[in-house]
Amino acid sequence: MAANIKRFTISVTSGMEAELDSVKKEYYDRETQNDMLRDLISRGLDSLKDETHNTKKQLM
């Protein structure tokens, strides 16, 4: 784990909580919830970068 970690709190809907619980059981069974959330956030950010990059390429 990185030495420079910032802590923050988020609120999720009950629907999101159910989805996160399901994802945890199916894909992250041996990981902590924190590790799962960091991974999902990282994947989402990477996906957003890819999406933005592809959109820029299409405009050229």
# chains A, B, ... in the order shown; residues from 1 in each chain; ligands from 1
$ select_by_dssp --residues "chain A" --states "alpha helix (DSSP H)" --output "PyMOL selection string"
chain A and resi 14-27+33-59
$ closest_atom_pairs --of "stretch 13-42 of chain A" --to "stretch 47-58 of chain A" --cutoff "12 Å" --atoms "only C-alpha atoms" --output "JSON lines"
{"residue": "A:Leu40", "atom": "CA", "partner": "A:Ser47", "partner_atom": "CA", "distance": 10.4}
{"residue": "A:Ile41", "atom": "CA", "partner": "A:Ser47", "partner_atom": "CA", "distance": 9.7}
{"residue": "A:Ser42", "atom": "CA", "partner": "A:Ser47", "partner_atom": "CA", "distance": 8.5}
$ write_last_selection --atoms "N, CA and C atoms" --output "mmCIF file, in the first residue's frame"
data_model
loop_
_atom_site.group_PDB
_atom_site.id
_atom_site.type_symbol
_atom_site.label_atom_id
_atom_site.label_comp_id
_atom_site.auth_asym_id
_atom_site.auth_seq_id
_atom_site.Cartn_x
_atom_site.Cartn_y
_atom_site.Cartn_z
ATOM 1 N N LEU A 40 -11.599 -0.404 -8.315
ATOM 2 C CA LEU A 40 -12.723 0.041 -9.142
ATOM 3 C C LEU A 40 -12.588 1.515 -9.532
ATOM 4 N N ILE A 41 -12.140 2.343 -8.615
ATOM 5 C CA ILE A 41 -11.931 3.755 -8.923
ATOM 6 C C ILE A 41 -10.827 3.899 -9.963
ATOM 7 N N SER A 42 -9.743 3.160 -9.786
ATOM 8 C CA SER A 42 -8.632 3.211 -10.733
ATOM 9 C C SER A 42 -9.082 2.769 -12.128
#
$ residues_around --residues "A:Val23" --least-positions-apart "5" --cutoff "12 Å" --atoms "only C-alpha atoms" --output "JSON, numbers by chain"
{"A": [16, 17, 18, 28, 29, 30, 31, 33, 36, 37, 39, 40]}
$ atom_distance --atom1 "atom CA of A:Asn4" --atom2 "atom CA of A:Lys25"
28.3 Å
$ atom_distance --atom1 "atom CA of A:Ala3" --atom2 "atom CA of A:Lys24"
24.7 Å
$ atom_distance --atom1 "atom CA of A:Gly15" --atom2 "atom CA of A:Asp46"
23.8 Å
